[in-house]
file start.csv (CSV, C-alpha atoms and all ligand atoms)
chain,number,residue,atom,x,y,z
V,1292,MET,CA,-5.9,-16.0,-16.3
V,1293,ASP,CA,-7.5,-16.0,-12.9
V,1294,LYS,CA,-8.3,-12.9,-11.0
V,1295,LEU,CA,-5.1,-12.9,-8.9
V,1296,GLN,CA,-2.9,-13.1,-12.0
V,1297,LYS,CA,-4.9,-10.6,-14.0
V,1298,VAL,CA,-5.2,-7.9,-11.4
V,1299,GLY,CA,-1.8,-8.7,-9.8
V,1300,TYR,CA,0.1,-8.6,-13.1
V,1301,THR,CA,-1.7,-5.4,-14.3
V,1302,ASN,CA,-0.8,-3.7,-11.0
V,1303,PHE,CA,2.8,-4.9,-11.2
V,1304,MET,CA,3.1,-3.5,-14.8
V,1305,LYS,CA,1.5,-0.2,-13.9
V,1306,LYS,CA,3.4,0.4,-10.7
V,1307,TYR,CA,6.5,-1.6,-10.0
V,1308,PHE,CA,7.6,-2.1,-13.6
V,1309,GLN,CA,7.1,1.6,-14.4
V,1310,GLU,CA,9.1,2.6,-11.3
V,1311,ASN,CA,11.9,0.2,-12.1
V,1312,LYS,CA,12.1,0.2,-15.9
V,1313,GLU,CA,15.7,1.1,-16.0
V,1314,LEU,CA,16.6,-1.6,-13.5
V,1315,PHE,CA,14.8,-4.3,-15.6
V,1316,HIS,CA,16.6,-3.0,-18.7
V,1317,SER,CA,20.0,-3.1,-17.0
V,1318,LEU,CA,19.3,-6.7,-16.0
V,1319,SER,CA,18.2,-7.9,-19.4
V,1320,ASN,CA,21.5,-9.6,-20.4
V,1321,SER,CA,23.0,-10.7,-17.1
V,1322,GLN,CA,22.7,-11.1,-13.4
V,1323,LYS,CA,25.2,-10.4,-10.6
V,1324,PRO,CA,23.5,-11.4,-7.3
V,1325,GLU,CA,25.8,-11.6,-4.3
V,1326,THR,CA,23.5,-13.5,-2.0
V,1327,MET,CA,21.9,-16.9,-2.4
V,1328,ILE,CA,18.8,-17.8,-0.4
V,1329,ILE,CA,17.9,-21.5,0.1
V,1330,THR,CA,14.4,-21.5,1.5
V,1331,CYS,CA,11.2,-23.6,1.8
V,1332,SER,CA,8.5,-23.7,-0.9
V,1333,ASP,CA,6.0,-22.6,1.7
V,1334,SER,CA,3.8,-19.8,0.3
V,1335,ARG,CA,4.2,-17.7,3.4
V,1336,ILE,CA,7.9,-17.0,2.7
V,1337,ASN,CA,8.8,-14.3,0.3
V,1338,PRO,CA,12.6,-13.6,0.6
V,1339,SER,CA,12.6,-10.6,-1.8
V,1340,MET,CA,9.8,-8.9,0.2
V,1341,LEU,CA,11.3,-9.8,3.5
V,1342,LEU,CA,14.7,-8.3,2.6
V,1343,ASP,CA,13.2,-5.5,0.4
V,1344,ALA,CA,15.4,-6.8,-2.4
V,1345,LYS,CA,15.1,-5.8,-6.0
V,1346,PRO,CA,15.2,-8.2,-9.0
V,1347,GLY,CA,18.8,-9.2,-9.6
V,1348,GLU,CA,19.9,-9.1,-5.9
V,1349,LEU,CA,18.9,-12.5,-4.6
V,1350,PHE,CA,19.6,-15.9,-6.2
V,1351,ILE,CA,16.8,-18.1,-4.7
V,1352,THR,CA,16.3,-21.8,-4.7
V,1353,ARG,CA,13.3,-23.4,-2.9
V,1354,ASN,CA,12.4,-26.9,-2.0
V,1355,ILE,CA,10.1,-28.6,0.5
V,1356,GLY,CA,11.7,-28.0,3.9
V,1357,ASN,CA,14.7,-25.7,2.8
V,1358,VAL,CA,16.9,-28.7,2.7
V,1359,VAL,CA,20.5,-28.9,1.5
V,1360,PRO,CA,21.1,-32.6,0.7
V,1361,SER,CA,24.5,-34.1,1.2
V,1362,TYR,CA,27.0,-33.5,-1.6
V,1363,GLN,CA,27.1,-37.2,-2.3
V,1364,PRO,CA,25.6,-39.6,-3.3
V,1365,THR,CA,22.4,-38.1,-4.6
V,1366,LYS,CA,22.3,-35.3,-7.1
V,1367,GLY,CA,19.4,-33.0,-7.8
V,1368,SER,CA,18.2,-29.5,-8.6
V,1369,THR,CA,19.3,-28.0,-5.2
V,1370,GLN,CA,22.9,-29.2,-5.6
V,1371,ALA,CA,22.8,-27.9,-9.2
V,1372,ALA,CA,21.5,-24.5,-8.1
V,1373,ILE,CA,24.2,-24.2,-5.4
V,1374,GLU,CA,26.9,-25.3,-7.9
V,1375,TYR,CA,25.8,-22.6,-10.4
V,1376,ALA,CA,25.5,-19.9,-7.7
V,1377,VAL,CA,28.9,-20.5,-6.3
V,1378,ASN,CA,31.0,-21.6,-9.3
V,1379,ILE,CA,29.5,-19.3,-12.0
V,1380,LEU,CA,27.8,-16.4,-10.2
V,1381,ASN,CA,30.5,-16.3,-7.4
V,1382,ILE,CA,27.9,-15.8,-4.7
V,1383,LYS,CA,29.4,-14.2,-1.6
V,1384,LYS,CA,26.9,-15.4,0.9
V,1385,ILE,CA,24.5,-18.3,1.2
V,1386,VAL,CA,21.6,-18.0,3.7
V,1387,ILE,CA,19.5,-21.0,4.7
V,1388,LEU,CA,16.1,-19.5,5.5
V,1389,GLY,CA,13.9,-21.9,7.6
V,1390,HIS,CA,10.7,-20.9,9.3
V,1391,SER,CA,8.2,-21.6,12.1
V,1392,ASN,CA,5.3,-24.1,11.6
V,1393,CYS,CA,7.2,-25.8,8.7
V,1394,GLY,CA,4.9,-28.5,7.3
V,1395,ALA,CA,8.0,-30.5,6.1
V,1396,CYS,CA,9.5,-30.7,9.6
V,1397,ALA,CA,6.1,-31.5,11.1
V,1398,HIS,CA,5.6,-34.2,8.6
V,1399,MET,CA,8.5,-36.0,10.2
V,1400,TYR,CA,6.3,-36.8,13.1
V,1401,HIS,CA,3.3,-38.2,11.2
V,1402,GLU,CA,2.7,-41.9,11.1
V,1403,PRO,CA,3.9,-43.3,7.8
V,1404,GLN,CA,1.0,-44.6,5.6
V,1405,ALA,CA,2.5,-47.8,4.5
V,1406,ASN,CA,-0.6,-49.2,2.8
V,1407,ASP,CA,-1.6,-45.9,1.2
V,1408,PRO,CA,1.5,-43.9,0.3
V,1409,LYS,CA,0.1,-40.6,-1.0
V,1410,LEU,CA,3.5,-38.8,-0.8
V,1411,PRO,CA,6.2,-41.2,-2.0
V,1412,HIS,CA,8.4,-38.4,-3.3
V,1413,VAL,CA,7.9,-36.2,-0.3
V,1414,ASP,CA,8.6,-39.1,2.1
V,1415,GLU,CA,11.8,-39.9,0.2
V,1416,TRP,CA,12.9,-36.2,0.1
V,1417,LEU,CA,12.3,-35.7,3.8
V,1418,GLN,CA,14.7,-38.5,4.7
V,1419,ASN,CA,17.1,-35.5,4.5
V,1420,ILE,CA,15.5,-34.2,7.7
V,1421,ILE,CA,16.0,-37.3,9.8
V,1422,PRO,CA,19.3,-36.1,11.4
V,1423,ALA,CA,17.5,-32.9,12.4
V,1424,LYS,CA,14.6,-34.9,13.9
V,1425,SER,CA,17.1,-37.0,15.9
V,1426,ALA,CA,18.9,-34.0,17.2
V,1427,ALA,CA,15.6,-32.4,18.2
V,1428,MET,CA,14.4,-35.5,19.9
V,1429,LEU,CA,17.6,-35.7,21.9
V,1430,GLU,CA,17.1,-32.1,23.2
V,1431,VAL,CA,13.4,-32.7,24.1
V,1432,HIS,CA,14.5,-35.9,25.9
V,1433,ALA,CA,16.6,-33.7,28.2
V,1434,ASP,CA,14.1,-30.9,28.6
V,1435,GLN,CA,10.4,-31.7,27.8
V,1436,SER,CA,9.3,-28.1,27.9
V,1437,LYS,CA,11.0,-27.5,24.6
V,1438,ASN,CA,9.1,-27.4,21.3
V,1439,ILE,CA,10.1,-30.3,19.2
V,1440,PHE,CA,8.8,-28.8,16.0
V,1441,GLU,CA,10.7,-25.6,16.4
V,1442,LEU,CA,13.8,-27.6,17.4
V,1443,THR,CA,13.5,-29.7,14.3
V,1444,GLU,CA,13.2,-26.6,12.1
V,1445,LYS,CA,16.3,-25.1,13.7
V,1446,HIS,CA,18.4,-28.3,13.6
V,1447,ASN,CA,17.3,-28.7,10.0
V,1448,ILE,CA,18.9,-25.3,9.3
V,1449,ILE,CA,22.1,-26.3,11.1
V,1450,THR,CA,22.3,-29.6,9.3
V,1451,SER,CA,21.9,-27.8,6.0
V,1452,LEU,CA,24.8,-25.5,6.9
V,1453,GLN,CA,26.9,-28.4,7.9
V,1454,ARG,CA,26.2,-30.1,4.6
V,1455,LEU,CA,27.1,-27.0,2.6
V,1456,MET,CA,30.5,-27.2,4.3
V,1457,GLU,CA,30.9,-30.7,2.7
V,1458,TYR,CA,30.7,-29.2,-0.8
V,1459,PRO,CA,34.4,-29.2,-1.9
V,1460,TYR,CA,34.1,-25.9,-3.8
V,1461,ILE,CA,32.4,-24.2,-0.8
V,1462,GLN,CA,35.2,-25.6,1.5
V,1463,ASN,CA,37.8,-23.9,-0.7
V,1464,ARG,CA,36.0,-20.6,-0.6
V,1465,LEU,CA,35.5,-20.8,3.2
V,1466,ILE,CA,39.2,-21.4,3.7
V,1467,ASN,CA,40.0,-18.4,1.6
V,1468,ASP,CA,37.3,-16.2,3.1
V,1469,MET,CA,35.5,-15.9,-0.2
V,1470,ILE,CA,32.1,-16.9,1.0
V,1471,SER,CA,30.0,-16.8,4.2
V,1472,LEU,CA,27.2,-19.0,5.4
V,1473,GLU,CA,24.2,-18.0,7.5
V,1474,GLY,CA,21.2,-19.8,9.0
V,1475,TRP,CA,18.0,-17.9,9.7
V,1476,TRP,CA,14.8,-19.0,11.3
V,1477,LEU,CA,11.8,-16.8,10.5
V,1478,ASP,CA,8.8,-16.6,12.8
V,1479,ILE,CA,5.9,-16.4,10.4
V,1480,ALA,CA,3.5,-14.5,12.7
V,1481,SER,CA,5.9,-11.7,13.9
V,1482,GLU,CA,8.3,-11.8,10.8
V,1483,GLU,CA,11.2,-11.7,13.3
V,1484,ILE,CA,14.4,-13.5,12.2
V,1485,GLU,CA,16.7,-15.4,14.5
V,1486,ASN,CA,20.3,-15.9,13.1
V,1487,TYR,CA,22.4,-19.0,14.0
V,1488,ASP,CA,25.4,-17.9,15.9
V,1489,PHE,CA,28.3,-20.3,15.1
V,1490,SER,CA,30.3,-19.5,18.3
V,1491,SER,CA,27.5,-19.9,20.9
V,1492,ARG,CA,25.6,-22.4,18.7
V,1493,HIS,CA,22.3,-20.7,19.4
V,1494,PHE,CA,19.8,-18.8,17.3
V,1495,ILE,CA,19.8,-15.1,18.3
V,1496,ALA,CA,17.2,-12.5,17.2
V,1497,ILE,CA,18.6,-10.1,14.6
V,1501,ZN,ZN,8.6,-25.1,5.4

call {"tool": "encode", "arguments": {"input": "start.csv", "output": "structure tokens", "more": "lines below"}}
Ligand SMILES: [Zn+2]
result
Amino acid sequence: MDKLQKVGYTNFMKKYFQENKELFHSLSNSQKPETMIITCSDSRINPSMLLDAKPGELFITRNIGNVVPSYQPTKGSTQAAIEYAVNILNIKKIVILGHSNCGACAHMYHEPQANDPKLPHVDEWLQNIIPAKSAAMLEVHADQSKNIFELTEKHNIITSLQRLMEYPYIQNRLINDMISLEGWWLDIASEEIENYDFSSRHFIAI
């Protein structure tokens, strides 16, 4: 074990585990989280810390770029996590948590290395962000003072929300008011969150 693991795990067992022993015991057989977070693999994002959430409260799935792929035709771990969260755990809310300076969104503006493809899987996965890139480029075309990276991050959140609405079992729950969807953009430096407002179609500080 490296130092981080050894010291970190020892501290966790001494403090957090001791203080929450009963909670861990109560969670040993099942989980009943009400909120699902879909966020980026980025090491700077820690949803449980950000929301002061205890184990058992958040069902979290992470991928490069906090992407929700279309319901069809591809299938993968993100779709499987959403399916399980909604159809088995009966999650009440899904939050897409995107963030500032997202490497996945910035990667969309790098020149592709056709002769030396170091990131074939990343490149393929990030095809999911192309609609967000196009929407951002359109906005910057109209107003060049806008930050294309931030716009791509935010449009990527909106695209993911739209795609969630394509999932038939989510459509059913939305119609029956059994689930809510939210899109958050986190500023890494200030830890301030902007929430996507569906009526004004703007991100508004929480
Ligand atoms: Zn990211």

call {"tool": "closest_residue", "arguments": {"input": "start.csv", "among": "V:Phe1350, V:Lys1345, V:Ile1382, V:Ser1332", "to": "Lys1312 of chain V", "atoms": "all atoms listed in the file"}}
result
V:Lys1345

call {"tool": "closest_atom_pairs", "arguments": {"input": "start.csv", "of": "chain V", "to": "ligand ZN 1501 (chain V)", "cutoff": "6 Å", "atoms": "all atoms listed in the file", "output": "JSON lines"}}
result
{"residue": "V:Cys1331", "atom": "CA", "partner": "V:ZN1501", "partner_atom": "ZN", "distance": 4.7}
{"residue": "V:Asp1333", "atom": "CA", "partner": "V:ZN1501", "partner_atom": "ZN", "distance": 5.2}
{"residue": "V:Gly1356", "atom": "CA", "partner": "V:ZN1501", "partner_atom": "ZN", "distance": 4.5}
{"residue": "V:Cys1393", "atom": "CA", "partner": "V:ZN1501", "partner_atom": "ZN", "distance": 3.7}
{"residue": "V:Gly1394", "atom": "CA", "partner": "V:ZN1501", "partner_atom": "ZN", "distance": 5.4}
{"residue": "V:Ala1395", "atom": "CA", "partner": "V:ZN1501", "partner_atom": "ZN", "distance": 5.5}

call {"tool": "closest_atom_pairs", "arguments": {"input": "start.csv", "of": "segment 1346-1441 of chain V", "to": "segment 1455-1477 of chain V", "cutoff": "8 Å", "atoms": "only C-alpha atoms", "output": "JSON lines"}}
result
{"residue": "V:Val1359", "atom": "CA", "partner": "V:Leu1455", "partner_atom": "CA", "distance": 7.0}
{"residue": "V:Ser1361", "atom": "CA", "partner": "V:Glu1457", "partner_atom": "CA", "distance": 7.4}
{"residue": "V:Tyr1362", "atom": "CA", "partner": "V:Tyr1458", "partner_atom": "CA", "distance": 5.7}
{"residue": "V:Val1377", "atom": "CA", "partner": "V:Ile1461", "partner_atom": "CA", "distance": 7.5}
{"residue": "V:Asn1378", "atom": "CA", "partner": "V:Tyr1460", "partner_atom": "CA", "distance": 7.6}
{"residue": "V:Ile1382", "atom": "CA", "partner": "V:Ile1470", "partner_atom": "CA", "distance": 7.2}
{"residue": "V:Lys1383", "atom": "CA", "partner": "V:Ile1470", "partner_atom": "CA", "distance": 4.6}
{"residue": "V:Lys1384", "atom": "CA", "partner": "V:Ser1471", "partner_atom": "CA", "distance": 4.7}
{"residue": "V:Ile1385", "atom": "CA", "partner": "V:Leu1472", "partner_atom": "CA", "distance": 5.0}
{"residue": "V:Val1386", "atom": "CA", "partner": "V:Glu1473", "partner_atom": "CA", "distance": 4.6}
{"residue": "V:Ile1387", "atom": "CA", "partner": "V:Gly1474", "partner_atom": "CA", "distance": 4.8}
{"residue": "V:Leu1388", "atom": "CA", "partner": "V:Trp1475", "partner_atom": "CA", "distance": 4.9}
{"residue": "V:Gly1389", "atom": "CA", "partner": "V:Trp1476", "partner_atom": "CA", "distance": 4.8}
{"residue": "V:His1390", "atom": "CA", "partner": "V:Leu1477", "partner_atom": "CA", "distance": 4.4}
{"residue": "V:Ser1391", "atom": "CA", "partner": "V:Leu1477", "partner_atom": "CA", "distance": 6.2}

call {"tool": "write_last_selection", "arguments": {"input": "start.csv", "atoms": "C-alpha atoms", "output": "PDB file, in the frame of the given file"}}
result
ATOM      1  CA  VAL V1359      20.500 -28.900   1.500  1.00  0.00           C
ATOM      2  CA  SER V1361      24.500 -34.100   1.200  1.00  0.00           C
ATOM      3  CA  TYR V1362      27.000 -33.500  -1.600  1.00  0.00           C
ATOM      4  CA  VAL V1377      28.900 -20.500  -6.300  1.00  0.00           C
ATOM      5  CA  ASN V1378      31.000 -21.600  -9.300  1.00  0.00           C
ATOM      6  CA  ILE V1382      27.900 -15.800  -4.700  1.00  0.00           C
ATOM      7  CA  LYS V1383      29.400 -14.200  -1.600  1.00  0.00           C
ATOM      8  CA  LYS V1384      26.900 -15.400   0.900  1.00  0.00           C
ATOM      9  CA  ILE V1385      24.500 -18.300   1.200  1.00  0.00           C
ATOM     10  CA  VAL V1386      21.600 -18.000   3.700  1.00  0.00           C
ATOM     11  CA  ILE V1387      19.500 -21.000   4.700  1.00  0.00           C
ATOM     12  CA  LEU V1388      16.100 -19.500   5.500  1.00  0.00           C
ATOM     13  CA  GLY V1389      13.900 -21.900   7.600  1.00  0.00           C
ATOM     14  CA  HIS V1390      10.700 -20.900   9.300  1.00  0.00           C
ATOM     15  CA  SER V1391       8.200 -21.600  12.100  1.00  0.00           C
TER      16      SER V1391
END

call {"tool": "residues_around", "arguments": {"input": "start.csv", "residues": "Leu1341 of chain V", "least_positions_apart": "4", "cutoff": "9 Å", "atoms": "only C-alpha atoms", "output": "ChimeraX atom specification"}}
result
/V:1336-1337,1482

call {"tool": "atom_distance", "arguments": {"input": "start.csv", "atom1": "atom CA of Leu1295 of chain V", "atom2": "atom CA of Ile1479 of chain V"}}
result
22.5 Å

call {"tool": "decode", "arguments": {"input": "start.csv", "residues": "segment 1311-1355 of chain V", "atoms": "N, CA and C atoms", "output": "PDB file, in the first residue's frame"}}
result
ATOM      1  N   ASN V1311     -19.473   6.454  12.381  1.00  0.00           N
ATOM      2  CA  ASN V1311     -20.648   6.050  11.588  1.00  0.00           C
ATOM      3  C   ASN V1311     -20.858   4.538  11.572  1.00  0.00           C
ATOM      4  N   LYS V1312     -20.388   3.906  12.619  1.00  0.00           N
ATOM      5  CA  LYS V1312     -20.452   2.446  12.686  1.00  0.00           C
ATOM      6  C   LYS V1312     -21.872   1.906  12.474  1.00  0.00           C
ATOM      7  N   GLU V1313     -22.822   2.546  13.124  1.00  0.00           N
ATOM      8  CA  GLU V1313     -24.209   2.062  13.013  1.00  0.00           C
ATOM      9  C   GLU V1313     -24.753   2.231  11.609  1.00  0.00           C
ATOM     10  N   LEU V1314     -24.370   3.333  10.983  1.00  0.00           N
ATOM     11  CA  LEU V1314     -24.807   3.572   9.606  1.00  0.00           C
ATOM     12  C   LEU V1314     -24.284   2.456   8.699  1.00  0.00           C
ATOM     13  N   PHE V1315     -23.006   2.150   8.806  1.00  0.00           N
ATOM     14  CA  PHE V1315     -22.435   1.102   7.956  1.00  0.00           C
ATOM     15  C   PHE V1315     -23.118  -0.239   8.230  1.00  0.00           C
ATOM     16  N   HIS V1316     -23.420  -0.499   9.501  1.00  0.00           N
ATOM     17  CA  HIS V1316     -24.092  -1.748   9.846  1.00  0.00           C
ATOM     18  C   HIS V1316     -25.483  -1.789   9.203  1.00  0.00           C
ATOM     19  N   SER V1317     -26.194  -0.655   9.252  1.00  0.00           N
ATOM     20  CA  SER V1317     -27.554  -0.617   8.692  1.00  0.00           C
ATOM     21  C   SER V1317     -27.536  -0.759   7.167  1.00  0.00           C
ATOM     22  N   LEU V1318     -26.408  -0.431   6.557  1.00  0.00           N
ATOM     23  CA  LEU V1318     -26.319  -0.504   5.085  1.00  0.00           C
ATOM     24  C   LEU V1318     -25.806  -1.860   4.595  1.00  0.00           C
ATOM     25  N   SER V1319     -25.496  -2.745   5.534  1.00  0.00           N
ATOM     26  CA  SER V1319     -24.765  -3.957   5.120  1.00  0.00           C
ATOM     27  C   SER V1319     -25.549  -4.835   4.147  1.00  0.00           C
ATOM     28  N   ASN V1320     -26.880  -4.797   4.208  1.00  0.00           N
ATOM     29  CA  ASN V1320     -27.641  -5.703   3.338  1.00  0.00           C
ATOM     30  C   ASN V1320     -28.313  -5.053   2.142  1.00  0.00           C
ATOM     31  N   SER V1321     -28.524  -3.759   2.205  1.00  0.00           N
ATOM     32  CA  SER V1321     -29.237  -3.134   1.080  1.00  0.00           C
ATOM     33  C   SER V1321     -28.938  -1.638   1.012  1.00  0.00           C
ATOM     34  N   GLN V1322     -29.322  -1.051  -0.108  1.00  0.00           N
ATOM     35  CA  GLN V1322     -29.177   0.400  -0.276  1.00  0.00           C
ATOM     36  C   GLN V1322     -30.496   0.985  -0.755  1.00  0.00           C
ATOM     37  N   LYS V1323     -30.790   2.232  -0.328  1.00  0.00           N
ATOM     38  CA  LYS V1323     -32.000   2.908  -0.796  1.00  0.00           C
ATOM     39  C   LYS V1323     -31.691   4.360  -1.140  1.00  0.00           C
ATOM     40  N   PRO V1324     -30.747   4.589  -2.036  1.00  0.00           N
ATOM     41  CA  PRO V1324     -30.443   5.983  -2.392  1.00  0.00           C
ATOM     42  C   PRO V1324     -31.600   6.581  -3.182  1.00  0.00           C
ATOM     43  N   GLU V1325     -31.818   7.891  -3.037  1.00  0.00           N
ATOM     44  CA  GLU V1325     -32.902   8.537  -3.792  1.00  0.00           C
ATOM     45  C   GLU V1325     -32.359   9.385  -4.931  1.00  0.00           C
ATOM     46  N   THR V1326     -31.048   9.627  -4.932  1.00  0.00           N
ATOM     47  CA  THR V1326     -30.461  10.498  -5.950  1.00  0.00           C
ATOM     48  C   THR V1326     -29.341   9.779  -6.685  1.00  0.00           C
ATOM     49  N   MET V1327     -29.374   9.908  -8.004  1.00  0.00           N
ATOM     50  CA  MET V1327     -28.279   9.393  -8.825  1.00  0.00           C
ATOM     51  C   MET V1327     -27.480  10.583  -9.346  1.00  0.00           C
ATOM     52  N   ILE V1328     -26.159  10.478  -9.267  1.00  0.00           N
ATOM     53  CA  ILE V1328     -25.279  11.505  -9.822  1.00  0.00           C
ATOM     54  C   ILE V1328     -24.515  10.890 -10.987  1.00  0.00           C
ATOM     55  N   ILE V1329     -24.577  11.544 -12.133  1.00  0.00           N
ATOM     56  CA  ILE V1329     -23.768  11.121 -13.280  1.00  0.00           C
ATOM     57  C   ILE V1329     -22.719  12.209 -13.473  1.00  0.00           C
ATOM     58  N   THR V1330     -21.465  11.862 -13.188  1.00  0.00           N
ATOM     59  CA  THR V1330     -20.443  12.902 -13.251  1.00  0.00           C
ATOM     60  C   THR V1330     -19.195  12.415 -13.966  1.00  0.00           C
ATOM     61  N   CYS V1331     -18.228  13.317 -14.064  1.00  0.00           N
ATOM     62  CA  CYS V1331     -16.985  13.053 -14.795  1.00  0.00           C
ATOM     63  C   CYS V1331     -16.022  12.246 -13.908  1.00  0.00           C
ATOM     64  N   SER V1332     -15.151  11.489 -14.557  1.00  0.00           N
ATOM     65  CA  SER V1332     -14.133  10.725 -13.807  1.00  0.00           C
ATOM     66  C   SER V1332     -13.079  11.642 -13.193  1.00  0.00           C
ATOM     67  N   ASP V1333     -13.088  12.892 -13.562  1.00  0.00           N
ATOM     68  CA  ASP V1333     -12.094  13.873 -13.106  1.00  0.00           C
ATOM     69  C   ASP V1333     -11.867  13.783 -11.586  1.00  0.00           C
ATOM     70  N   SER V1334     -10.580  13.742 -11.196  1.00  0.00           N
ATOM     71  CA  SER V1334     -10.226  13.552  -9.782  1.00  0.00           C
ATOM     72  C   SER V1334     -10.624  14.727  -8.890  1.00  0.00           C
ATOM     73  N   ARG V1335     -10.948  15.863  -9.514  1.00  0.00           N
ATOM     74  CA  ARG V1335     -11.280  17.038  -8.700  1.00  0.00           C
ATOM     75  C   ARG V1335     -12.737  17.064  -8.258  1.00  0.00           C
ATOM     76  N   ILE V1336     -13.515  16.110  -8.757  1.00  0.00           N
ATOM     77  CA  ILE V1336     -14.951  16.092  -8.415  1.00  0.00           C
ATOM     78  C   ILE V1336     -15.188  15.006  -7.373  1.00  0.00           C
ATOM     79  N   ASN V1337     -15.803  15.401  -6.267  1.00  0.00           N
ATOM     80  CA  ASN V1337     -16.149  14.427  -5.236  1.00  0.00           C
ATOM     81  C   ASN V1337     -17.591  14.694  -4.789  1.00  0.00           C
ATOM     82  N   PRO V1338     -18.571  14.059  -5.474  1.00  0.00           N
ATOM     83  CA  PRO V1338     -19.979  14.397  -5.194  1.00  0.00           C
ATOM     84  C   PRO V1338     -20.372  14.219  -3.728  1.00  0.00           C
ATOM     85  N   SER V1339     -19.888  13.175  -3.078  1.00  0.00           N
ATOM     86  CA  SER V1339     -20.287  12.936  -1.681  1.00  0.00           C
ATOM     87  C   SER V1339     -19.783  14.058  -0.780  1.00  0.00           C
ATOM     88  N   MET V1340     -18.544  14.497  -1.019  1.00  0.00           N
ATOM     89  CA  MET V1340     -17.994  15.592  -0.214  1.00  0.00           C
ATOM     90  C   MET V1340     -18.736  16.889  -0.521  1.00  0.00           C
ATOM     91  N   LEU V1341     -18.981  17.125  -1.815  1.00  0.00           N
ATOM     92  CA  LEU V1341     -19.641  18.351  -2.262  1.00  0.00           C
ATOM     93  C   LEU V1341     -21.034  18.503  -1.636  1.00  0.00           C
ATOM     94  N   LEU V1342     -21.733  17.398  -1.510  1.00  0.00           N
ATOM     95  CA  LEU V1342     -23.114  17.443  -1.005  1.00  0.00           C
ATOM     96  C   LEU V1342     -23.210  16.995   0.449  1.00  0.00           C
ATOM     97  N   ASP V1343     -22.065  16.795   1.078  1.00  0.00           N
ATOM     98  CA  ASP V1343     -22.034  16.338   2.462  1.00  0.00           C
ATOM     99  C   ASP V1343     -22.944  15.116   2.635  1.00  0.00           C
ATOM    100  N   ALA V1344     -22.810  14.186   1.702  1.00  0.00           N
ATOM    101  CA  ALA V1344     -23.687  13.006   1.701  1.00  0.00           C
ATOM    102  C   ALA V1344     -22.995  11.819   2.370  1.00  0.00           C
ATOM    103  N   LYS V1345     -23.787  11.032   3.051  1.00  0.00           N
ATOM    104  CA  LYS V1345     -23.263   9.845   3.727  1.00  0.00           C
ATOM    105  C   LYS V1345     -23.325   8.650   2.772  1.00  0.00           C
ATOM    106  N   PRO V1346     -22.575   7.600   3.076  1.00  0.00           N
ATOM    107  CA  PRO V1346     -22.711   6.369   2.290  1.00  0.00           C
ATOM    108  C   PRO V1346     -24.173   5.943   2.256  1.00  0.00           C
ATOM    109  N   GLY V1347     -24.619   5.485   1.096  1.00  0.00           N
ATOM    110  CA  GLY V1347     -26.005   5.040   0.963  1.00  0.00           C
ATOM    111  C   GLY V1347     -26.929   6.115   0.396  1.00  0.00           C
ATOM    112  N   GLU V1348     -26.463   7.364   0.353  1.00  0.00           N
ATOM    113  CA  GLU V1348     -27.355   8.446  -0.094  1.00  0.00           C
ATOM    114  C   GLU V1348     -27.279   8.729  -1.589  1.00  0.00           C
ATOM    115  N   LEU V1349     -26.098   8.523  -2.193  1.00  0.00           N
ATOM    116  CA  LEU V1349     -25.932   8.853  -3.610  1.00  0.00           C
ATOM    117  C   LEU V1349     -25.542   7.617  -4.408  1.00  0.00           C
ATOM    118  N   PHE V1350     -26.252   7.386  -5.499  1.00  0.00           N
ATOM    119  CA  PHE V1350     -25.858   6.337  -6.442  1.00  0.00           C
ATOM    120  C   PHE V1350     -25.092   7.058  -7.546  1.00  0.00           C
ATOM    121  N   ILE V1351     -23.803   6.762  -7.650  1.00  0.00           N
ATOM    122  CA  ILE V1351     -22.938   7.575  -8.518  1.00  0.00           C
ATOM    123  C   ILE V1351     -22.394   6.748  -9.674  1.00  0.00           C
ATOM    124  N   THR V1352     -22.482   7.283 -10.874  1.00  0.00           N
ATOM    125  CA  THR V1352     -21.772   6.667 -11.989  1.00  0.00           C
ATOM    126  C   THR V1352     -20.900   7.742 -12.624  1.00  0.00           C
ATOM    127  N   ARG V1353     -19.692   7.341 -13.007  1.00  0.00           N
ATOM    128  CA  ARG V1353     -18.744   8.305 -13.553  1.00  0.00           C
ATOM    129  C   ARG V1353     -18.235   7.818 -14.893  1.00  0.00           C
ATOM    130  N   ASN V1354     -17.987   8.748 -15.773  1.00  0.00           N
ATOM    131  CA  ASN V1354     -17.296   8.405 -17.024  1.00  0.00           C
ATOM    132  C   ASN V1354     -16.551   9.641 -17.506  1.00  0.00           C
ATOM    133  N   ILE V1355     -15.741   9.470 -18.520  1.00  0.00           N
ATOM    134  CA  ILE V1355     -14.982  10.591 -19.070  1.00  0.00           C
ATOM    135  C   ILE V1355     -15.976  11.574 -19.696  1.00  0.00           C
TER     136      ILE V1355
END
